[in-house]
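This is final.tsv (TSV, C-alpha atoms).
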chain	number	residue	atom	x	y	z
A	1	MET	CA	0.00	0.00	0.00
A	2	THR	CA	1.14	3.58	-0.56
A	3	SER	CA	1.99	5.77	2.38
A	4	GLY	CA	-1.06	7.90	1.61
A	5	SER	CA	-3.33	5.01	2.51
A	6	LYS	CA	-1.78	5.04	5.99
A	7	GLY	CA	-2.43	8.74	6.40
A	8	ARG	CA	1.14	9.81	5.63
A	9	VAL	CA	2.05	11.88	2.59
A	10	HIS	CA	5.35	12.28	0.78
A	11	ARG	CA	3.94	13.21	-2.64
A	12	ARG	CA	0.68	15.10	-3.12
A	13	ARG	CA	-1.19	16.33	-6.19
A	14	VAL	CA	-3.33	19.41	-5.62
A	15	PHE	CA	-5.97	20.72	-8.02
A	16	TYR	CA	-7.18	24.22	-7.23
A	17	ILE	CA	-10.53	25.33	-8.70
A	18	PRO	CA	-10.96	29.11	-8.41
A	19	GLY	CA	-14.23	30.91	-7.99
A	20	TYR	CA	-15.71	33.35	-10.49
A	21	ASP	CA	-12.43	35.15	-11.15
A	22	PRO	CA	-11.23	36.71	-14.43
A	23	ILE	CA	-7.65	37.13	-13.21
A	24	HIS	CA	-4.76	35.17	-14.72
A	25	PRO	CA	-3.93	32.04	-12.64
A	26	ARG	CA	-0.39	33.29	-11.94
A	27	ARG	CA	-2.08	35.37	-9.25
A	28	TYR	CA	-2.67	32.20	-7.22
A	29	ARG	CA	0.95	31.13	-7.56
A	30	GLU	CA	2.17	34.47	-6.26
A	31	LEU	CA	-0.39	34.40	-3.45
A	32	TYR	CA	0.77	30.90	-2.45
A	33	ARG	CA	4.43	31.94	-2.59
A	34	LYS	CA	3.99	35.07	-0.47
A	35	GLU	CA	1.50	33.76	2.06
A	36	GLY	CA	3.19	30.37	2.33
A	37	ALA	CA	6.47	32.04	3.26
A	38	ASP	CA	4.67	34.12	5.90
A	39	GLN	CA	2.90	31.09	7.37
A	40	ALA	CA	6.13	29.05	7.43
A	41	ARG	CA	7.87	31.84	9.32
A	42	ILE	CA	5.01	32.10	11.83
A	43	SER	CA	4.53	28.35	12.29
A	44	GLY	CA	8.16	27.27	12.19
A	45	TYR	CA	8.33	25.05	9.12
A	46	GLU	CA	9.93	25.35	5.70
A	47	ILE	CA	8.23	25.79	2.34
A	48	ALA	CA	9.55	26.71	-1.11
A	49	LEU	CA	8.18	26.98	-4.64
A	50	ALA	CA	9.70	25.88	-7.94
A	51	PRO	CA	8.44	25.58	-11.53
A	52	LYS	CA	5.73	22.97	-12.03
A	53	ARG	CA	6.71	19.40	-12.77
A	54	ALA	CA	3.41	17.62	-13.40
A	55	GLY	CA	0.59	18.34	-15.81
A	56	GLY	CA	-1.41	21.33	-16.85
A	57	PRO	CA	-0.38	24.71	-18.24
A	58	TYR	CA	-0.66	26.57	-14.89
A	59	GLY	CA	0.83	25.39	-11.63
A	60	TRP	CA	3.86	25.15	-9.40
A	61	HIS	CA	5.91	22.64	-7.41
A	62	VAL	CA	6.12	22.84	-3.62
A	63	THR	CA	8.72	21.36	-1.30
A	64	SER	CA	8.12	21.58	2.43
A	65	THR	CA	9.58	20.26	5.65
A	66	GLN	CA	6.97	20.04	8.39
A	67	ASP	CA	7.08	18.11	11.66
A	68	GLY	CA	10.36	16.53	10.59
A	69	ALA	CA	8.92	15.16	7.32
A	70	GLU	CA	9.78	16.22	3.77
A	71	VAL	CA	6.83	16.58	1.40
A	72	GLU	CA	6.55	17.41	-2.27
A	73	ALA	CA	3.36	18.72	-3.87
A	74	ASP	CA	2.43	19.64	-7.41
A	75	VAL	CA	-0.30	22.26	-7.55
A	76	GLU	CA	-2.34	22.83	-10.69
A	77	VAL	CA	-4.90	25.59	-11.23
A	78	LEU	CA	-7.91	24.32	-13.17
A	79	VAL	CA	-8.61	27.37	-15.27
A	80	TRP	CA	-12.02	28.68	-16.29
A	81	SER	CA	-11.15	32.38	-16.12
A	82	ASP	CA	-11.62	32.65	-19.90
A	83	ILE	CA	-15.28	31.65	-19.46
A	84	VAL	CA	-15.56	34.22	-16.68
A	85	ARG	CA	-14.06	36.97	-18.83
A	86	SER	CA	-16.37	36.20	-21.73
A	87	SER	CA	-19.39	36.49	-19.41
A	88	MET	CA	-18.16	39.87	-18.17
A	89	GLY	CA	-17.76	41.51	-21.57
A	90	LYS	CA	-21.02	43.41	-21.30
A	91	SER	CA	-21.85	47.02	-22.09
A	92	ILE	CA	-23.22	49.28	-19.37
A	93	PRO	CA	-26.84	48.97	-20.63
A	94	ALA	CA	-26.43	45.18	-20.87
A	95	THR	CA	-25.20	45.08	-17.27
A	96	TYR	CA	-28.30	46.94	-16.12
A	97	ALA	CA	-30.41	44.45	-18.05
A	98	GLN	CA	-28.54	41.70	-16.16
A	99	LEU	CA	-29.44	43.46	-12.94
A	100	ILE	CA	-33.15	43.22	-13.72
A	101	ARG	CA	-32.98	39.56	-14.79
A	102	THR	CA	-30.86	38.51	-11.82
A	103	ALA	CA	-33.00	40.30	-9.24
A	104	TRP	CA	-36.10	38.74	-10.77
A	105	ALA	CA	-34.55	35.24	-10.76
A	106	TYR	CA	-33.81	35.35	-7.03
A	107	ILE	CA	-36.92	37.26	-5.93
A	108	ALA	CA	-39.55	35.52	-8.08
A	109	SER	CA	-38.24	32.07	-7.13
A	110	GLY	CA	-38.29	32.95	-3.44
A	111	ALA	CA	-34.60	32.04	-3.19
A	112	LEU	CA	-33.52	35.45	-1.90
A	113	PHE	CA	-35.79	35.38	1.14
A	114	ARG	CA	-34.98	31.76	2.00
A	115	LEU	CA	-31.25	32.41	1.69
A	116	MET	CA	-31.60	35.19	4.26
A	117	ARG	CA	-32.74	32.58	6.77
A	118	LEU	CA	-29.32	30.96	6.49
A	119	ARG	CA	-26.91	33.87	6.46
A	120	LYS	CA	-27.63	37.54	5.86
A	121	GLY	CA	-24.01	38.34	4.94
A	122	PRO	CA	-23.84	36.67	1.52
A	123	VAL	CA	-27.35	37.91	0.70
A	124	ILE	CA	-26.26	41.45	1.48
A	125	ALA	CA	-23.22	40.81	-0.71
A	126	ALA	CA	-25.60	39.72	-3.49
A	127	LEU	CA	-27.76	42.81	-3.02
A	128	TYR	CA	-24.78	45.14	-2.93
A	129	PRO	CA	-24.15	45.29	-6.72
A	130	ILE	CA	-27.86	45.84	-7.36
A	131	VAL	CA	-28.06	48.72	-4.91
A	132	ALA	CA	-24.70	50.14	-6.00
A	133	LEU	CA	-25.61	50.15	-9.69
A	134	ILE	CA	-29.00	51.73	-8.97
A	135	VAL	CA	-27.32	54.44	-6.87
A	136	GLN	CA	-24.80	55.06	-9.65
A	137	ALA	CA	-27.63	55.44	-12.14
A	138	LEU	CA	-29.51	57.82	-9.84
A	139	ILE	CA	-26.39	59.96	-9.40
A	140	GLY	CA	-25.96	60.00	-13.17
A	141	PHE	CA	-29.60	60.99	-13.72
A	142	GLY	CA	-29.32	63.65	-11.03
A	143	LEU	CA	-26.18	65.18	-12.51
A	144	GLY	CA	-27.63	64.99	-16.00
A	145	TRP	CA	-30.88	66.66	-14.97
A	146	ALA	CA	-29.08	69.40	-13.04
A	147	THR	CA	-26.73	70.09	-15.95
A	148	ALA	CA	-29.60	70.17	-18.45
A	149	ALA	CA	-31.65	72.49	-16.22
A	150	LEU	CA	-28.68	74.86	-15.80
A	151	ALA	CA	-28.06	74.88	-19.54
A	152	LEU	CA	-31.70	75.74	-20.26
A	153	THR	CA	-31.57	78.73	-17.92
A	154	ARG	CA	-28.48	79.99	-19.74
A	155	LEU	CA	-29.94	79.48	-23.23
A	156	PRO	CA	-33.36	81.15	-23.14
A	157	GLY	CA	-35.04	81.10	-26.52
A	158	PHE	CA	-32.38	78.84	-28.03
A	159	PRO	CA	-33.98	76.84	-30.88
A	160	LEU	CA	-34.93	73.34	-29.68
A	161	ASP	CA	-33.49	74.16	-26.27
A	162	TRP	CA	-35.34	71.18	-24.75
A	163	LEU	CA	-33.60	68.82	-27.19
A	164	ALA	CA	-30.20	70.33	-26.46
A	165	GLY	CA	-30.87	69.92	-22.75
A	166	LEU	CA	-31.93	66.31	-23.22
A	167	ILE	CA	-28.79	65.51	-25.21
A	168	LEU	CA	-26.56	67.23	-22.68
A	169	GLY	CA	-28.25	65.44	-19.76
A	170	ALA	CA	-27.89	62.06	-21.47
A	171	ALA	CA	-24.22	62.76	-22.15
A	172	ILE	CA	-23.60	63.58	-18.48
A	173	LEU	CA	-25.44	60.39	-17.45
A	174	ALA	CA	-23.30	58.30	-19.80
A	175	LEU	CA	-20.07	59.93	-18.63
A	176	THR	CA	-21.02	59.39	-14.98
A	177	LEU	CA	-21.76	55.71	-15.52
A	178	ARG	CA	-18.53	55.26	-17.45
A	179	TRP	CA	-16.62	56.94	-14.61
A	180	PHE	CA	-18.14	54.58	-12.05
A	181	ARG	CA	-17.34	51.58	-14.22
A	182	GLY	CA	-13.73	52.74	-14.47
A	183	LYS	CA	-13.58	52.66	-10.66
A	184	ASP	CA	-14.97	49.13	-10.40
A	185	GLY	CA	-11.57	47.75	-9.43
A	186	LYS	CA	-12.34	49.27	-6.04
A	187	LEU	CA	-16.14	49.19	-6.01
A	188	PHE	CA	-16.69	45.65	-7.41
A	189	ALA	CA	-20.29	46.45	-8.38
A	190	TYR	CA	-19.99	45.33	-12.02
A	191	TYR	CA	-17.81	42.35	-11.09
A	192	LEU	CA	-20.30	41.02	-8.52
A	193	MET	CA	-23.23	41.74	-10.80
A	194	HIS	CA	-21.68	39.61	-13.54
A	195	ASP	CA	-20.94	36.90	-10.97
A	196	TYR	CA	-24.52	36.53	-9.73
A	197	ALA	CA	-25.92	37.02	-13.22
A	198	PHE	CA	-23.78	34.13	-14.47
A	199	THR	CA	-25.54	31.78	-12.04
A	200	ALA	CA	-29.01	33.30	-12.29
A	201	ARG	CA	-29.12	33.29	-16.08
A	202	TRP	CA	-29.36	29.50	-16.13
A	203	GLY	CA	-31.48	29.20	-13.01
A	204	GLY	CA	-28.76	27.27	-11.19
A	205	ALA	CA	-27.84	24.99	-14.10
A	206	ASN	CA	-24.38	25.08	-15.67
A	207	PRO	CA	-24.01	26.62	-19.14
A	208	PRO	CA	-22.77	24.19	-21.82
A	209	GLU	CA	-19.29	25.72	-22.05
A	210	LEU	CA	-18.81	25.31	-18.31
A	211	GLU	CA	-20.03	21.71	-18.38
A	212	ALA	CA	-17.48	20.98	-21.12
A	213	ARG	CA	-14.69	22.54	-19.05
A	214	MET	CA	-15.74	20.58	-15.97
A	215	ALA	CA	-15.48	17.37	-18.02
A	216	GLU	CA	-11.89	18.34	-18.86
A	217	PHE	CA	-11.18	18.94	-15.18
A	218	ALA	CA	-12.63	15.52	-14.31
A	219	ALA	CA	-10.31	13.88	-16.85
A	220	ARG	CA	-7.29	15.65	-15.30
A	221	ILE	CA	-8.23	14.41	-11.83
A	222	GLU	CA	-8.93	10.90	-13.12
A	223	ASP	CA	-5.46	10.76	-14.67
A	224	ALA	CA	-3.85	11.92	-11.42
A	225	MET	CA	-5.69	9.22	-9.47
A	226	ARG	CA	-3.94	6.64	-11.65
A	227	GLU	CA	-0.50	8.08	-10.94
A	228	ASP	CA	1.88	7.50	-8.07
A	229	TRP	CA	0.72	10.03	-5.48
A	230	ASP	CA	-0.07	9.54	-1.81
A	231	GLU	CA	-2.97	11.98	-1.91
A	232	VAL	CA	-4.93	13.81	-4.59
A	233	LEU	CA	-6.46	16.91	-3.03
A	234	ILE	CA	-9.18	18.95	-4.76
A	235	VAL	CA	-9.54	22.52	-3.45
A	236	GLY	CA	-12.67	24.42	-4.47
A	237	HIS	CA	-12.82	28.07	-3.41
A	238	SER	CA	-16.02	30.14	-3.47
A	239	SER	CA	-17.92	29.26	-6.68
A	240	GLY	CA	-15.25	26.68	-7.41
A	241	ALA	CA	-16.64	24.58	-4.54
A	242	HIS	CA	-19.87	23.72	-6.33
A	243	LEU	CA	-17.95	22.92	-9.52
A	244	ALA	CA	-15.80	20.52	-7.51
A	245	VAL	CA	-18.88	18.85	-6.02
A	246	SER	CA	-20.24	18.00	-9.46
A	247	ILE	CA	-16.85	16.97	-10.88
A	248	LEU	CA	-16.18	14.55	-8.02
A	249	ALA	CA	-19.72	13.19	-8.13
A	250	ASP	CA	-19.31	12.47	-11.84
A	251	LEU	CA	-16.03	10.63	-11.29
A	252	ILE	CA	-17.45	8.41	-8.55
A	253	ARG	CA	-20.85	7.87	-10.12
A	254	GLU	CA	-19.26	6.85	-13.43
A	255	ASN	CA	-16.84	4.49	-11.66
A	256	ARG	CA	-13.81	6.32	-13.03
A	257	LEU	CA	-11.64	6.10	-9.93
A	258	PRO	CA	-9.04	3.30	-9.72
A	259	SER	CA	-9.39	0.41	-7.30
A	260	SER	CA	-6.67	-1.40	-5.37
A	261	GLY	CA	-4.86	-4.02	-7.40
A	262	LEU	CA	-5.35	-2.51	-10.86
A	263	SER	CA	-2.44	-3.74	-12.98
A	264	LYS	CA	-2.10	-0.35	-14.69
A	265	TYR	CA	-1.78	1.49	-11.39
A	266	PRO	CA	1.91	2.40	-10.80
A	267	GLY	CA	1.91	0.80	-7.36
A	268	GLY	CA	1.36	-2.60	-8.94
A	269	PRO	CA	-1.01	-5.41	-7.97
A	270	GLY	CA	-2.38	-5.02	-4.47
A	271	ALA	CA	-1.32	-1.39	-4.16
A	272	ALA	CA	-3.82	1.25	-3.13
A	273	PRO	CA	-4.53	4.31	-5.28
A	274	PRO	CA	-4.00	7.78	-3.84
A	275	ALA	CA	-6.23	9.00	-1.04
A	276	LEU	CA	-8.86	11.33	-2.49
A	277	ALA	CA	-9.69	14.49	-0.54
A	278	PHE	CA	-11.91	17.49	-1.15
A	279	LEU	CA	-11.42	20.83	0.59
A	280	SER	CA	-14.17	23.42	0.03
A	281	LEU	CA	-13.31	26.94	1.15
A	282	GLY	CA	-15.64	29.92	1.54
A	283	GLN	CA	-18.37	28.06	-0.32
A	284	VAL	CA	-21.43	29.82	-1.72
A	285	ILE	CA	-23.24	26.63	-2.74
A	286	PRO	CA	-26.72	27.74	-1.54
A	287	MET	CA	-26.63	30.71	-3.95
A	288	VAL	CA	-26.82	28.05	-6.67
A	289	SER	CA	-28.65	25.15	-5.04
A	290	TYR	CA	-31.58	27.36	-4.01
A	291	LEU	CA	-32.42	28.15	-7.64
A	292	PRO	CA	-35.09	26.06	-9.42
A	293	ARG	CA	-32.92	24.54	-12.16
A	294	ALA	CA	-30.03	23.50	-9.91
A	295	THR	CA	-31.18	19.88	-10.01
A	296	ARG	CA	-27.74	18.63	-11.10
A	297	LEU	CA	-25.99	20.30	-8.19
A	298	ARG	CA	-28.57	19.11	-5.65
A	299	ALA	CA	-28.30	15.54	-6.96
A	300	ASP	CA	-24.50	15.72	-6.81
A	301	LEU	CA	-24.57	17.06	-3.24
A	302	GLN	CA	-26.87	14.26	-2.17
A	303	PHE	CA	-24.74	11.63	-3.89
A	304	LEU	CA	-21.37	12.87	-2.66
A	305	ALA	CA	-22.55	13.15	0.94
A	306	THR	CA	-22.53	9.35	1.43
A	307	ARG	CA	-19.50	8.30	-0.59
A	308	PRO	CA	-16.60	6.61	1.25
A	309	GLU	CA	-14.24	7.08	-1.69
A	310	LEU	CA	-13.22	10.54	-0.45
A	311	PHE	CA	-12.93	12.76	2.60
A	312	TRP	CA	-14.64	16.17	2.39
A	313	LEU	CA	-13.76	19.08	4.66
A	314	ASP	CA	-15.75	22.30	4.40
A	315	VAL	CA	-14.10	25.41	5.87
A	316	THR	CA	-15.82	28.77	6.22
A	317	ALA	CA	-15.76	31.59	8.79
A	318	PRO	CA	-18.49	33.85	10.16
A	319	GLY	CA	-16.14	36.76	9.52
A	320	ASP	CA	-16.37	36.10	5.78
A	321	GLY	CA	-19.49	37.98	4.74
A	322	CYS	CA	-19.39	36.51	1.23
A	323	ALA	CA	-19.64	32.85	2.28
A	324	PHE	CA	-22.43	30.78	3.82
A	325	ALA	CA	-20.45	30.35	7.01
A	326	LEU	CA	-20.86	27.04	8.85
A	327	CYS	CA	-23.80	26.03	6.62
A	328	ASP	CA	-23.67	22.32	5.79
A	329	PRO	CA	-24.16	22.68	2.00
A	330	VAL	CA	-25.89	19.31	1.72
A	331	ALA	CA	-28.28	19.72	4.63
A	332	VAL	CA	-29.28	23.35	4.05
A	333	SER	CA	-29.96	22.57	0.40
A	334	GLY	CA	-32.65	20.15	1.57
A	335	VAL	CA	-31.07	17.02	0.09
A	336	ALA	CA	-29.40	15.41	3.11
A	337	PRO	CA	-29.65	11.63	2.59
A	338	GLU	CA	-29.79	8.91	5.19
A	339	GLY	CA	-26.29	7.87	6.14
A	340	GLN	CA	-24.75	11.27	5.34
A	341	ILE	CA	-21.05	11.30	6.25
A	342	HIS	CA	-19.84	14.43	4.40
A	343	PRO	CA	-18.84	17.16	4.75
A	344	LEU	CA	-17.08	17.86	8.02
A	345	VAL	CA	-17.99	21.52	8.58
A	346	ILE	CA	-15.51	23.59	10.59
A	347	SER	CA	-14.77	27.25	11.12
A	348	ALA	CA	-11.56	29.06	10.21
A	349	ALA	CA	-12.52	31.34	13.14
A	350	PHE	CA	-10.97	34.54	11.84
A	351	THR	CA	-11.51	36.39	15.13
A	352	GLN	CA	-9.38	33.78	16.90
A	353	THR	CA	-6.83	32.83	14.25
A	354	LEU	CA	-6.03	36.44	13.34
A	355	SER	CA	-4.51	38.74	15.93
A	356	PRO	CA	-6.64	41.72	17.04
A	357	ALA	CA	-4.46	44.07	15.01
A	358	ARG	CA	-4.69	41.90	11.89
A	359	TRP	CA	-8.44	41.42	12.30
A	360	LYS	CA	-8.90	45.17	12.69
A	361	ASP	CA	-7.00	45.73	9.46
A	362	LEU	CA	-9.04	43.16	7.49
A	363	ARG	CA	-12.47	43.29	9.10
A	364	TRP	CA	-14.11	45.64	6.61
A	365	ARG	CA	-12.15	44.46	3.57
A	366	PHE	CA	-14.82	41.95	2.61
A	367	PHE	CA	-13.34	40.82	-0.70
A	368	ARG	CA	-9.90	40.29	0.86
A	369	LEU	CA	-11.43	38.32	3.74
A	370	HIS	CA	-13.06	35.98	1.22
A	371	PHE	CA	-9.53	34.98	0.18
A	372	GLN	CA	-8.17	34.66	3.71
A	373	TYR	CA	-8.52	30.86	3.54
A	374	LEU	CA	-5.62	30.89	1.06
A	375	CYS	CA	-3.49	33.15	3.22
A	376	ALA	CA	-1.38	33.10	6.36
A	377	PHE	CA	-2.83	33.32	9.87
A	378	ASP	CA	-0.75	34.95	12.57
A	379	ARG	CA	-2.51	32.87	15.25
A	380	PRO	CA	-3.12	29.64	13.31
A	381	GLY	CA	-5.47	26.98	14.65
A	382	ASP	CA	-6.11	23.55	13.18
A	383	TYR	CA	-6.85	25.09	9.77
A	384	ASP	CA	-3.65	26.01	7.93
A	385	TYR	CA	-3.88	26.00	4.13
A	386	PHE	CA	-0.18	25.25	3.75
A	387	ARG	CA	-0.21	22.31	6.13
A	388	LEU	CA	-3.19	20.87	4.25
A	389	THR	CA	-1.63	21.31	0.80
A	390	ALA	CA	2.03	20.66	1.65
A	391	GLY	CA	2.03	18.86	5.00
A	392	PRO	CA	2.81	15.20	5.83
A	393	LEU	CA	-0.74	14.04	6.67
A	394	THR	CA	-3.70	13.33	4.42
A	395	LEU	CA	-6.71	15.57	4.94
A	396	ALA	CA	-8.65	12.64	6.41
A	397	GLU	CA	-5.88	11.79	8.88
A	398	ARG	CA	-5.31	15.38	9.94
A	399	PHE	CA	-8.98	15.84	10.85
A	400	HIS	CA	-9.68	12.31	12.02
A	401	GLY	CA	-12.02	12.43	15.01
A	402	ARG	CA	-12.51	16.20	14.71
A	403	PRO	CA	-16.13	17.08	15.53
A	404	PRO	CA	-17.96	19.62	13.38
A	405	SER	CA	-18.21	23.17	14.66
A	406	LYS	CA	-20.93	23.57	17.29
A	407	SER	CA	-22.44	26.46	15.34
A	408	ARG	CA	-22.92	24.36	12.22
A	409	ILE	CA	-26.21	25.12	10.43
A	410	THR	CA	-28.15	22.16	9.04
A	411	THR	CA	-31.72	23.47	8.83
A	412	PRO	CA	-33.03	23.22	5.25
A	413	ALA	CA	-34.70	26.37	3.97
A	414	ASN	CA	-34.69	25.49	0.28
A	415	ARG	CA	-37.97	25.63	-1.59
A	416	PHE	CA	-36.52	23.48	-4.35
A	417	SER	CA	-35.27	20.02	-3.38
A	418	SER	CA	-35.81	18.15	-6.63
A	419	VAL	CA	-32.77	16.21	-7.84
A	420	THR	CA	-34.18	15.11	-11.19
Spell out the structure here as structure tokens.
Amino acid sequence: MTSGSKGRVHRRRVFYIPGYDPIHPRRYRELYRKEGADQARISGYEIALAPKRAGGPYGWHVTSTQDGAEVEADVEVLVWSDIVRSSMGKSIPATYAQLIRTAWAYIASGALFRLMRLRKGPVIAALYPIVALIVQALIGFGLGWATAALALTRLPGFPLDWLAGLILGAAILALTLRWFRGKDGKLFAYYLMHDYAFTARWGGANPPELEARMAEFAARIEDAMREDWDEVLIVGHSSGAHLAVSILADLIRENRLPSSGLSKYPGGPGAAPPALAFLSLGQVIPMVSYLPRATRLRADLQFLATRPELFWLDVTAPGDGCAFALCDPVAVSGVAPEGQIHPLVISAAFTQTLSPARWKDLRWRFFRLHFQYLCAFDRPGDYDYFRLTAGPLTLAERFHGRPPSKSRITTPANRFSSVT
């Protein structure tokens, strides 16, 4: 048997699935390099990055010495940022049309009000771009009206003065909206609007181009499971968590994972394949599973919740206003089956794992806090991203016997529980 089957890891393969993010994947490499070095310094272990060695166009190689053990890990980013960018290439009027469709999708289905029963934070985050874009439009209309009114008082008797005022007011409105859009790198109103619109447009179903990409991801993971690793770890962050759920459900349901003793497995006859682990971080699964056409996701959640082929750890934090903190994604979606064993829901406990000074600095930086799971903690607890991805224990072994957080939420509030 491989060492991974005993809970020890020398070689790990990590697949990272980002959320709805248009940024080039090199961003995640640099984040891992910087934050990993900080965490190693704080926690007293060693970690270093080198160019990737295994598979995929985007990734990096990690070497780490932790608890007296040397570990190597190959990290690969499963990229769908091109799909994200194509969904964001909308004009200002088209974005406002998205606003109307998205608001209607969540309000008319009742999803918005039921989601508020779980956590108000992510619902407020969902409402923010709607309110922000409306406020921007009102400011634009106000400035346009005031400018037009001033022009009309200065041009008494000017031929077609009302038309000139209308044109001037419309120009000011357009310029104002363009100015706000140019500042979206700080305001995030357009970015978040495109994010929620991407999900709402299909009523919780995946668009065809995303389904095709997920099939490619599944093939990459399937190949890795037939290679000589101690653990294959799938990390799904934010929206990437629900993609990972469906990818892993497909692999298990279609019997595509290797079994012990396969002659084509590198370990040879009688050897065990790598341990399979799933780490969901800052998940927003209910934003999808509460929509009427999310039958695939709900079925995949229900299926994955009972499967012994993997270990699933779900990590969120109440301090992350963008995530459904401590919500068991299976249970709250209304599809908890008998014999549910996944996921183990724990808190990253930002108020405890970040020093008071660090928490004060980050508390109101909501978007940054949503990425804290991938970063260093100056008062680390049992959650440490770099121990999980580059440490000497499998995810299952590291959290063996760990009870779920006492504040875990399991009450289903979903109106839609159909899985067919």
Report as lines of an AutoDock Vina configuration file the centre and the edge lengths, in Å to one decimal, of the axis-aligned box holding every listed atom of range 97-107 of chain A, padded by 4 Å on each side.
center_x = -32.7
center_y = 39.8
center_z = -12.0
size_x = 16.4
size_y = 17.2
size_z = 20.1
Exercise: range 330-341 of chain A partners within 6 Å, all atoms listed in the file, chain neighbours under 3 positions left out, as a ChimeraX atom specification: /A:301-302,305-306,410-412,414,417
Arg201 in chain A surroundings by only C-alpha atoms, 12 Å radius, close-in-sequence under 6 positions cut, as number ranges by chain: A: 87, 97-106, 193-195, 207, 288, 291-294
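Between CA of Arg8 in chain A and CA of Glu70 in chain A there is a distance of 10.9 Å.
In this model, the gap between CA of Pro22 in chain A and CA of Asn206 in chain A comes to 17.6 Å.
In terms of minimum interatomic distance to Ala212 in chain A, A:Ile247 ranks closest within A:Ala357, A:Tyr45, A:Ile139, A:Ile247, counting all atoms listed in the file.
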Exercise: Gly236 in chain A partners within 6 Å, only C-alpha atoms, chain neighbours under 6 positions left out, as number ranges by chain: A: 17, 244, 280
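If all atoms listed in the file are the atoms counted, then among A:Ala73, A:Leu297, A:Leu310, A:Leu243 the closest residue to Ala275 in chain A is A:Leu310.
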